[in-house]
Amino acid sequence: MTPDVPRHPKHGGAASWEDLVARYAWTDADEPDAYTFSATAGKTEDEVIRAFGGDPGASRLMTFAETVEEQAAHLYEDYELLRVLTVDRHVIAIEWGYHGSIPEVARRTSADGGEFFSVHRNVNARYQVMHALDGRVDGMFDPFELQDAAWMDPEPELPTWAEGVDFHMETLCAESFALMERTMGVAIDPGWMDAALRTVLLASPSELFGRSEAPWLP
């Protein structure tokens, strides 16, 4: 299930910013109320799964709703599922969880020439976008805190890949996804939520990183 991907300035064409934001209006709806979407270039599905803390040899097919139901049955455990698919040269990862929002996961996933971008939203109204290139996080911020950036003194400095983007509360998630598409050159299809995708169980962050705070720092 590969979507029609619009042409972008970095790929030799043009899709207007307004069109990109309109494409992702569904991300600002009440459902799903939490998610992390990641796009990785330069890696295989197996490599992405390992970087997130999963076992590529232990996968099954699940929809997003099925992962939510299974994780909810383990509500008081650190139990997260990761769904992946390959679109052209990108691996898309979808979670009802947060592994893709952890800087160390971004570093591991983008190491050795890869590129990574994630958009995160949780039920506590926390938002995050993050980009990593070749094992280094070169930008991570909460777009909610930047919606009034033009009125701040001093005005916060955005990473180069986010320059020219204004965030607005009513379209905060749509603008984050539009930024991911503009940066990575791959569109996110809402149909993937209902599709049965390759799914793995992830190791908990404490298993992956121990007690160190370093993995959580950009």
# chains A, B, ... in the order shown; residues from 1 in each chain; ligands from 1
$ residues_around --residues "region 118-121 of chain A" --least-positions-apart "5" --cutoff "9 Å" --atoms "only C-alpha atoms" --output "JSON, numbers by chain"
{"A": [33, 34, 35, 36, 37, 38, 39, 40, 93, 97, 98, 100, 101, 106, 126, 127, 128, 129, 130, 131, 173, 176, 177, 180]}
$ write_last_selection --atoms "C-alpha atoms" --output "mmCIF file, in the first residue's frame"
data_model
loop_
_atom_site.group_PDB
_atom_site.id
_atom_site.type_symbol
_atom_site.label_atom_id
_atom_site.label_comp_id
_atom_site.auth_asym_id
_atom_site.auth_seq_id
_atom_site.Cartn_x
_atom_site.Cartn_y
_atom_site.Cartn_z
ATOM 1 C CA ASP A 33 -5.217 10.417 20.972
ATOM 2 C CA ALA A 34 -1.583 9.262 21.122
ATOM 3 C CA TYR A 35 0.978 8.052 18.598
ATOM 4 C CA THR A 36 4.533 8.239 17.338
ATOM 5 C CA PHE A 37 5.161 8.072 13.601
ATOM 6 C CA SER A 38 8.734 7.719 12.363
ATOM 7 C CA ALA A 39 10.251 7.754 8.900
ATOM 8 C CA THR A 40 13.748 6.388 8.295
ATOM 9 C CA ALA A 93 7.236 2.975 12.020
ATOM 10 C CA GLY A 97 3.797 4.568 22.341
ATOM 11 C CA TYR A 98 6.954 6.633 22.505
ATOM 12 C CA GLY A 100 10.430 6.822 18.368
ATOM 13 C CA SER A 101 10.481 9.998 20.454
ATOM 14 C CA ALA A 106 16.840 8.304 16.715
ATOM 15 C CA ARG A 126 2.838 16.765 24.861
ATOM 16 C CA TYR A 127 4.065 17.098 21.304
ATOM 17 C CA GLN A 128 7.484 16.563 19.763
ATOM 18 C CA VAL A 129 9.212 16.529 16.408
ATOM 19 C CA MET A 130 12.768 15.242 16.059
ATOM 20 C CA HIS A 131 15.257 14.755 13.240
ATOM 21 C CA CYS A 173 -0.119 17.900 14.425
ATOM 22 C CA SER A 176 4.292 18.518 12.257
ATOM 23 C CA PHE A 177 3.452 15.775 9.755
ATOM 24 C CA MET A 180 8.145 15.427 8.254
#
$ residues_around --residues "Phe52 (chain A)" --least-positions-apart "4" --cutoff "8 Å" --atoms "only C-alpha atoms" --output "PyMOL selection string"
chain A and resi 48+99-100+105+109+202
$ write_last_selection --atoms "C-alpha atoms" --output "compact mmCIF listing (two decimals), in the first residue's frame"
# COMPACT_ATOMS: atom_id res chain seq x y z
CA VAL A 48 14.89 -0.22 12.20
CA HIS A 99 10.12 4.72 21.52
CA GLY A 100 10.43 6.82 18.37
CA VAL A 105 16.52 5.56 19.33
CA THR A 109 18.21 4.26 13.81
CA LEU A 202 9.76 -3.79 21.90
$ select_by_dssp --residues "region 81-201 of chain A" --states "helix (DSSP H, G or I)" --output "MDAnalysis selection string"
chainID A and resid 99:101 103:110 143:146 149:151 160:162 169:184 190:193
$ residues_around --residues "region 203-208 of chain A" --least-positions-apart "4" --cutoff "10 Å" --atoms "only C-alpha atoms" --output "JSON, numbers by chain"
{"A": [50, 51, 52, 53, 54, 55, 77, 78, 79, 80, 81, 98, 99, 102, 104, 105, 212, 215, 216]}
$ closest_residue --among "A:Asp112, A:Asp88, A:Glu181, A:Glu175" --to "Ala22 (chain A)" --atoms "only C-alpha atoms"
A:Glu175
$ closest_residue --among "A:Glu18, A:Glu69, A:Glu45, A:Glu31" --to "Ile92 (chain A)" --atoms "only C-alpha atoms"
A:Glu45
$ residues_around --residues "Glu170 (chain A)" --least-positions-apart "4" --cutoff "10 Å" --atoms "only C-alpha atoms" --output "mmCIF file with N, CA and C atoms, in the first residue's frame"
data_model
loop_
_atom_site.group_PDB
_atom_site.id
_atom_site.type_symbol
_atom_site.label_atom_id
_atom_site.label_comp_id
_atom_site.auth_asym_id
_atom_site.auth_seq_id
_atom_site.Cartn_x
_atom_site.Cartn_y
_atom_site.Cartn_z
ATOM 1 N N ALA A 25 -4.934 16.728 8.093
ATOM 2 C CA ALA A 25 -5.965 17.199 9.035
ATOM 3 C C ALA A 25 -6.393 16.087 9.978
ATOM 4 N N ASP A 28 -4.999 15.788 13.701
ATOM 5 C CA ASP A 28 -5.436 16.671 14.777
ATOM 6 C C ASP A 28 -6.794 16.261 15.342
ATOM 7 N N ALA A 29 -7.346 15.150 14.860
ATOM 8 C CA ALA A 29 -8.613 14.649 15.386
ATOM 9 C C ALA A 29 -8.402 14.049 16.775
ATOM 10 N N ALA A 174 -0.957 18.447 12.212
ATOM 11 C CA ALA A 174 -0.898 18.461 10.749
ATOM 12 C C ALA A 174 0.360 19.165 10.258
ATOM 13 N N GLU A 175 0.736 20.250 10.908
ATOM 14 C CA GLU A 175 1.951 20.964 10.523
ATOM 15 C C GLU A 175 3.200 20.144 10.836
#
$ closest_residue --among "A:Gly57, A:Pro143, A:Pro103, A:Gly114" --to "His90 (chain A)" --atoms "only C-alpha atoms"
A:Gly114
$ closest_residue --among "A:Trp26, A:Trp17, A:Trp161, A:Phe64" --to "Arg198 (chain A)" --atoms "only C-alpha atoms"
A:Phe64
$ closest_residue --among "A:Thr67, A:Thr183, A:Thr171, A:Ser59" --to "Phe116 (chain A)" --atoms "only C-alpha atoms"
A:Thr183
$ atom_distance --atom1 "CA of Glu66 (chain A)" --atom2 "CA of Arg108 (chain A)"
27.3 Å
$ closest_residue --among "A:Leu197, A:Glu95, A:Thr86, A:Pro218" --to "Gly135 (chain A)" --atoms "only C-alpha atoms"
A:Pro218
$ residues_around --residues "region 162-165 of chain A" --least-positions-apart "3" --cutoff "8 Å" --atoms "only C-alpha atoms" --output "mmCIF file with all heavy atoms, in the first residue's frame"
data_model
loop_
_atom_site.group_PDB
_atom_site.id
_atom_site.type_symbol
_atom_site.label_atom_id
_atom_site.label_comp_id
_atom_site.auth_asym_id
_atom_site.auth_seq_id
_atom_site.Cartn_x
_atom_site.Cartn_y
_atom_site.Cartn_z
ATOM 1 N N LEU A 158 15.071 27.864 15.310
ATOM 2 C CA LEU A 158 14.668 26.559 14.822
ATOM 3 C C LEU A 158 15.802 25.912 14.041
ATOM 4 O O LEU A 158 16.629 26.606 13.450
ATOM 5 C CB LEU A 158 13.446 26.694 13.893
ATOM 6 C CG LEU A 158 12.110 27.028 14.547
ATOM 7 C CD1 LEU A 158 11.051 27.252 13.469
ATOM 8 C CD2 LEU A 158 11.684 25.924 15.489
ATOM 9 N N PRO A 159 15.847 24.575 14.009
ATOM 10 C CA PRO A 159 16.832 23.915 13.139
ATOM 11 C C PRO A 159 16.543 24.264 11.685
ATOM 12 O O PRO A 159 15.413 24.631 11.326
ATOM 13 C CB PRO A 159 16.609 22.426 13.418
ATOM 14 C CG PRO A 159 15.254 22.331 14.024
ATOM 15 C CD PRO A 159 15.029 23.607 14.761
ATOM 16 N N GLU A 175 0.736 20.250 10.908
ATOM 17 C CA GLU A 175 1.951 20.964 10.523
ATOM 18 C C GLU A 175 3.200 20.144 10.836
ATOM 19 O O GLU A 175 4.180 20.182 10.086
ATOM 20 C CB GLU A 175 1.985 22.325 11.229
ATOM 21 C CG GLU A 175 0.973 23.302 10.651
ATOM 22 C CD GLU A 175 0.542 24.388 11.618
ATOM 23 O OE1 GLU A 175 0.844 24.297 12.836
ATOM 24 O OE2 GLU A 175 -0.118 25.334 11.165
ATOM 25 N N LEU A 179 5.760 18.866 8.035
ATOM 26 C CA LEU A 179 7.199 19.110 8.154
ATOM 27 C C LEU A 179 7.980 17.818 7.947
ATOM 28 O O LEU A 179 9.036 17.817 7.295
ATOM 29 C CB LEU A 179 7.503 19.708 9.532
ATOM 30 C CG LEU A 179 8.960 20.024 9.844
ATOM 31 C CD1 LEU A 179 9.558 20.982 8.817
ATOM 32 C CD2 LEU A 179 9.079 20.611 11.261
#
$ atom_distance --atom1 "CA of Leu82 (chain A)" --atom2 "CA of Thr44 (chain A)"
14.6 Å
$ atom_distance --atom1 "CA of Ala41 (chain A)" --atom2 "CA of Val91 (chain A)"
6.6 Å
$ select_by_dssp --residues "region 10-85 of chain A" --states "strand (DSSP E)" --output "list in words"
Tyr35, Thr36, Phe37, Ser38, Ala39, Thr40, Ala41, Arg60, Leu61, Met62, Glu80, Leu81, Leu82, Arg83, Val84 and Leu85 of chain A
$ decode --residues "region 7-157 of chain A" --atoms "C-alpha atoms" --output "PDB file, in the first residue's frame"
ATOM      1  CA  ARG A   7       7.072  16.042  -5.407  1.00  0.00           C
ATOM      2  CA  HIS A   8       9.086  18.252  -3.098  1.00  0.00           C
ATOM      3  CA  PRO A   9      11.638  21.025  -3.559  1.00  0.00           C
ATOM      4  CA  LYS A  10      14.423  18.708  -2.327  1.00  0.00           C
ATOM      5  CA  HIS A  11      13.304  16.090  -4.830  1.00  0.00           C
ATOM      6  CA  GLY A  12      12.812  18.329  -7.839  1.00  0.00           C
ATOM      7  CA  GLY A  13       9.147  19.382  -7.621  1.00  0.00           C
ATOM      8  CA  ALA A  14       6.695  21.402  -5.582  1.00  0.00           C
ATOM      9  CA  ALA A  15       3.790  20.642  -3.274  1.00  0.00           C
ATOM     10  CA  SER A  16       2.545  23.745  -1.453  1.00  0.00           C
ATOM     11  CA  TRP A  17       2.825  23.932   2.300  1.00  0.00           C
ATOM     12  CA  GLU A  18      -0.926  24.509   2.541  1.00  0.00           C
ATOM     13  CA  ASP A  19      -1.571  21.300   0.575  1.00  0.00           C
ATOM     14  CA  LEU A  20       0.732  19.324   2.863  1.00  0.00           C
ATOM     15  CA  VAL A  21      -0.953  20.634   6.014  1.00  0.00           C
ATOM     16  CA  ALA A  22      -4.429  19.933   4.590  1.00  0.00           C
ATOM     17  CA  ARG A  23      -3.372  16.357   3.821  1.00  0.00           C
ATOM     18  CA  TYR A  24      -2.796  15.713   7.525  1.00  0.00           C
ATOM     19  CA  ALA A  25      -5.965  17.199   9.035  1.00  0.00           C
ATOM     20  CA  TRP A  26      -6.754  13.709  10.358  1.00  0.00           C
ATOM     21  CA  THR A  27      -3.783  13.877  12.761  1.00  0.00           C
ATOM     22  CA  ASP A  28      -5.436  16.671  14.777  1.00  0.00           C
ATOM     23  CA  ALA A  29      -8.613  14.649  15.386  1.00  0.00           C
ATOM     24  CA  ASP A  30      -9.420  13.219  18.811  1.00  0.00           C
ATOM     25  CA  GLU A  31      -8.670   9.671  17.653  1.00  0.00           C
ATOM     26  CA  PRO A  32      -6.056   8.386  17.892  1.00  0.00           C
ATOM     27  CA  ASP A  33      -5.217  10.417  20.972  1.00  0.00           C
ATOM     28  CA  ALA A  34      -1.583   9.262  21.122  1.00  0.00           C
ATOM     29  CA  TYR A  35       0.978   8.052  18.598  1.00  0.00           C
ATOM     30  CA  THR A  36       4.533   8.239  17.338  1.00  0.00           C
ATOM     31  CA  PHE A  37       5.161   8.072  13.601  1.00  0.00           C
ATOM     32  CA  SER A  38       8.734   7.719  12.363  1.00  0.00           C
ATOM     33  CA  ALA A  39      10.251   7.754   8.900  1.00  0.00           C
ATOM     34  CA  THR A  40      13.748   6.388   8.295  1.00  0.00           C
ATOM     35  CA  ALA A  41      15.812   6.540   5.116  1.00  0.00           C
ATOM     36  CA  GLY A  42      18.842   4.379   4.387  1.00  0.00           C
ATOM     37  CA  LYS A  43      17.824   1.403   6.546  1.00  0.00           C
ATOM     38  CA  THR A  44      15.912  -1.861   6.173  1.00  0.00           C
ATOM     39  CA  GLU A  45      12.884  -2.837   8.234  1.00  0.00           C
ATOM     40  CA  ASP A  46      14.986  -5.315  10.212  1.00  0.00           C
ATOM     41  CA  GLU A  47      17.569  -2.639  11.021  1.00  0.00           C
ATOM     42  CA  VAL A  48      14.890  -0.224  12.197  1.00  0.00           C
ATOM     43  CA  ILE A  49      13.220  -2.892  14.330  1.00  0.00           C
ATOM     44  CA  ARG A  50      16.537  -3.731  16.023  1.00  0.00           C
ATOM     45  CA  ALA A  51      17.309  -0.052  16.659  1.00  0.00           C
ATOM     46  CA  PHE A  52      13.918   0.354  18.359  1.00  0.00           C
ATOM     47  CA  GLY A  53      14.556  -2.688  20.545  1.00  0.00           C
ATOM     48  CA  GLY A  54      12.552  -5.353  18.719  1.00  0.00           C
ATOM     49  CA  ASP A  55      13.273  -8.819  17.337  1.00  0.00           C
ATOM     50  CA  PRO A  56      12.801  -8.937  13.526  1.00  0.00           C
ATOM     51  CA  GLY A  57      12.327 -12.694  13.730  1.00  0.00           C
ATOM     52  CA  ALA A  58       9.281 -12.453  15.987  1.00  0.00           C
ATOM     53  CA  SER A  59       6.799 -10.394  13.985  1.00  0.00           C
ATOM     54  CA  ARG A  60       3.092 -10.754  13.286  1.00  0.00           C
ATOM     55  CA  LEU A  61       0.444  -8.768  11.413  1.00  0.00           C
ATOM     56  CA  MET A  62      -1.636  -6.275  13.404  1.00  0.00           C
ATOM     57  CA  THR A  63      -3.723  -3.156  12.871  1.00  0.00           C
ATOM     58  CA  PHE A  64      -3.223  -0.020  14.967  1.00  0.00           C
ATOM     59  CA  ALA A  65      -6.446  -0.727  16.887  1.00  0.00           C
ATOM     60  CA  GLU A  66      -5.246  -4.239  17.682  1.00  0.00           C
ATOM     61  CA  THR A  67      -1.969  -2.923  19.079  1.00  0.00           C
ATOM     62  CA  VAL A  68      -3.859  -0.409  21.232  1.00  0.00           C
ATOM     63  CA  GLU A  69      -6.114  -3.167  22.573  1.00  0.00           C
ATOM     64  CA  GLU A  70      -3.197  -5.478  23.343  1.00  0.00           C
ATOM     65  CA  GLN A  71      -1.123  -2.762  24.987  1.00  0.00           C
ATOM     66  CA  ALA A  72      -4.128  -1.637  27.053  1.00  0.00           C
ATOM     67  CA  ALA A  73      -4.342  -5.188  28.393  1.00  0.00           C
ATOM     68  CA  HIS A  74      -0.812  -4.621  29.782  1.00  0.00           C
ATOM     69  CA  LEU A  75      -1.570  -1.102  30.997  1.00  0.00           C
ATOM     70  CA  TYR A  76       0.655  -1.202  34.065  1.00  0.00           C
ATOM     71  CA  GLU A  77       3.560  -2.872  32.300  1.00  0.00           C
ATOM     72  CA  ASP A  78       6.177  -1.383  30.004  1.00  0.00           C
ATOM     73  CA  TYR A  79       4.651  -3.121  26.994  1.00  0.00           C
ATOM     74  CA  GLU A  80       4.938  -1.497  23.554  1.00  0.00           C
ATOM     75  CA  LEU A  81       4.358  -2.737  20.037  1.00  0.00           C
ATOM     76  CA  LEU A  82       5.920  -1.341  16.864  1.00  0.00           C
ATOM     77  CA  ARG A  83       4.327  -1.597  13.408  1.00  0.00           C
ATOM     78  CA  VAL A  84       6.486  -1.105  10.305  1.00  0.00           C
ATOM     79  CA  LEU A  85       6.199  -1.005   6.541  1.00  0.00           C
ATOM     80  CA  THR A  86       8.479   0.005   3.683  1.00  0.00           C
ATOM     81  CA  VAL A  87       7.463   2.781   1.289  1.00  0.00           C
ATOM     82  CA  ASP A  88       9.882   3.322  -1.585  1.00  0.00           C
ATOM     83  CA  ARG A  89      13.226   3.915   0.187  1.00  0.00           C
ATOM     84  CA  HIS A  90      11.727   4.685   3.605  1.00  0.00           C
ATOM     85  CA  VAL A  91      10.772   2.554   6.570  1.00  0.00           C
ATOM     86  CA  ILE A  92       7.696   3.892   8.346  1.00  0.00           C
ATOM     87  CA  ALA A  93       7.236   2.975  12.020  1.00  0.00           C
ATOM     88  CA  ILE A  94       3.926   3.491  13.833  1.00  0.00           C
ATOM     89  CA  GLU A  95       3.406   3.233  17.582  1.00  0.00           C
ATOM     90  CA  TRP A  96       0.792   3.776  20.234  1.00  0.00           C
ATOM     91  CA  GLY A  97       3.797   4.568  22.341  1.00  0.00           C
ATOM     92  CA  TYR A  98       6.954   6.633  22.505  1.00  0.00           C
ATOM     93  CA  HIS A  99      10.124   4.723  21.515  1.00  0.00           C
ATOM     94  CA  GLY A 100      10.430   6.822  18.368  1.00  0.00           C
ATOM     95  CA  SER A 101      10.481   9.998  20.454  1.00  0.00           C
ATOM     96  CA  ILE A 102      13.615   8.957  22.391  1.00  0.00           C
ATOM     97  CA  PRO A 103      16.798  10.659  21.112  1.00  0.00           C
ATOM     98  CA  GLU A 104      18.931   7.534  21.535  1.00  0.00           C
ATOM     99  CA  VAL A 105      16.525   5.557  19.334  1.00  0.00           C
ATOM    100  CA  ALA A 106      16.840   8.304  16.715  1.00  0.00           C
ATOM    101  CA  ARG A 107      20.624   8.104  16.948  1.00  0.00           C
ATOM    102  CA  ARG A 108      20.702   4.316  16.662  1.00  0.00           C
ATOM    103  CA  THR A 109      18.209   4.257  13.807  1.00  0.00           C
ATOM    104  CA  SER A 110      20.038   6.905  11.770  1.00  0.00           C
ATOM    105  CA  ALA A 111      23.588   5.661  12.492  1.00  0.00           C
ATOM    106  CA  ASP A 112      25.968   4.895   9.615  1.00  0.00           C
ATOM    107  CA  GLY A 113      24.446   7.159   7.002  1.00  0.00           C
ATOM    108  CA  GLY A 114      20.737   6.999   7.821  1.00  0.00           C
ATOM    109  CA  GLU A 115      18.172   9.755   8.278  1.00  0.00           C
ATOM    110  CA  PHE A 116      15.337   9.728  10.818  1.00  0.00           C
ATOM    111  CA  PHE A 117      12.331  11.918  11.586  1.00  0.00           C
ATOM    112  CA  SER A 118       9.591  11.347  14.171  1.00  0.00           C
ATOM    113  CA  VAL A 119       6.350  13.040  15.218  1.00  0.00           C
ATOM    114  CA  HIS A 120       5.029  12.299  18.707  1.00  0.00           C
ATOM    115  CA  ARG A 121       1.782  13.138  20.488  1.00  0.00           C
ATOM    116  CA  ASN A 122       0.574  11.826  23.832  1.00  0.00           C
ATOM    117  CA  VAL A 123      -2.594  12.017  25.911  1.00  0.00           C
ATOM    118  CA  ASN A 124      -1.054  14.678  28.170  1.00  0.00           C
ATOM    119  CA  ALA A 125      -0.883  17.200  25.303  1.00  0.00           C
ATOM    120  CA  ARG A 126       2.838  16.765  24.861  1.00  0.00           C
ATOM    121  CA  TYR A 127       4.065  17.098  21.304  1.00  0.00           C
ATOM    122  CA  GLN A 128       7.484  16.563  19.763  1.00  0.00           C
ATOM    123  CA  VAL A 129       9.212  16.529  16.408  1.00  0.00           C
ATOM    124  CA  MET A 130      12.768  15.242  16.059  1.00  0.00           C
ATOM    125  CA  HIS A 131      15.257  14.755  13.240  1.00  0.00           C
ATOM    126  CA  ALA A 132      18.531  12.839  13.233  1.00  0.00           C
ATOM    127  CA  LEU A 133      21.147  12.379  10.550  1.00  0.00           C
ATOM    128  CA  ASP A 134      23.990   9.872  10.563  1.00  0.00           C
ATOM    129  CA  GLY A 135      23.692   9.103  14.261  1.00  0.00           C
ATOM    130  CA  ARG A 136      23.267  12.674  15.499  1.00  0.00           C
ATOM    131  CA  VAL A 137      20.095  14.459  16.576  1.00  0.00           C
ATOM    132  CA  ASP A 138      20.200  17.861  14.873  1.00  0.00           C
ATOM    133  CA  GLY A 139      16.893  19.174  16.147  1.00  0.00           C
ATOM    134  CA  MET A 140      14.169  18.269  18.655  1.00  0.00           C
ATOM    135  CA  PHE A 141      11.406  20.529  19.972  1.00  0.00           C
ATOM    136  CA  ASP A 142       7.801  20.749  21.124  1.00  0.00           C
ATOM    137  CA  PRO A 143       5.781  22.588  18.444  1.00  0.00           C
ATOM    138  CA  PHE A 144       3.165  23.508  21.065  1.00  0.00           C
ATOM    139  CA  GLU A 145       5.756  25.735  22.731  1.00  0.00           C
ATOM    140  CA  LEU A 146       6.585  27.391  19.390  1.00  0.00           C
ATOM    141  CA  GLN A 147       3.099  28.387  18.265  1.00  0.00           C
ATOM    142  CA  ASP A 148       3.769  31.929  19.545  1.00  0.00           C
ATOM    143  CA  ALA A 149       7.438  31.915  18.524  1.00  0.00           C
ATOM    144  CA  ALA A 150       7.131  35.136  16.528  1.00  0.00           C
ATOM    145  CA  TRP A 151       6.123  36.999  19.714  1.00  0.00           C
ATOM    146  CA  MET A 152       8.879  35.593  21.911  1.00  0.00           C
ATOM    147  CA  ASP A 153      11.914  37.652  22.853  1.00  0.00           C
ATOM    148  CA  PRO A 154      14.334  36.333  21.965  1.00  0.00           C
ATOM    149  CA  GLU A 155      12.622  34.389  19.210  1.00  0.00           C
ATOM    150  CA  PRO A 156      13.587  30.704  19.492  1.00  0.00           C
ATOM    151  CA  GLU A 157      16.008  29.425  16.897  1.00  0.00           C
TER     152      GLU A 157
END
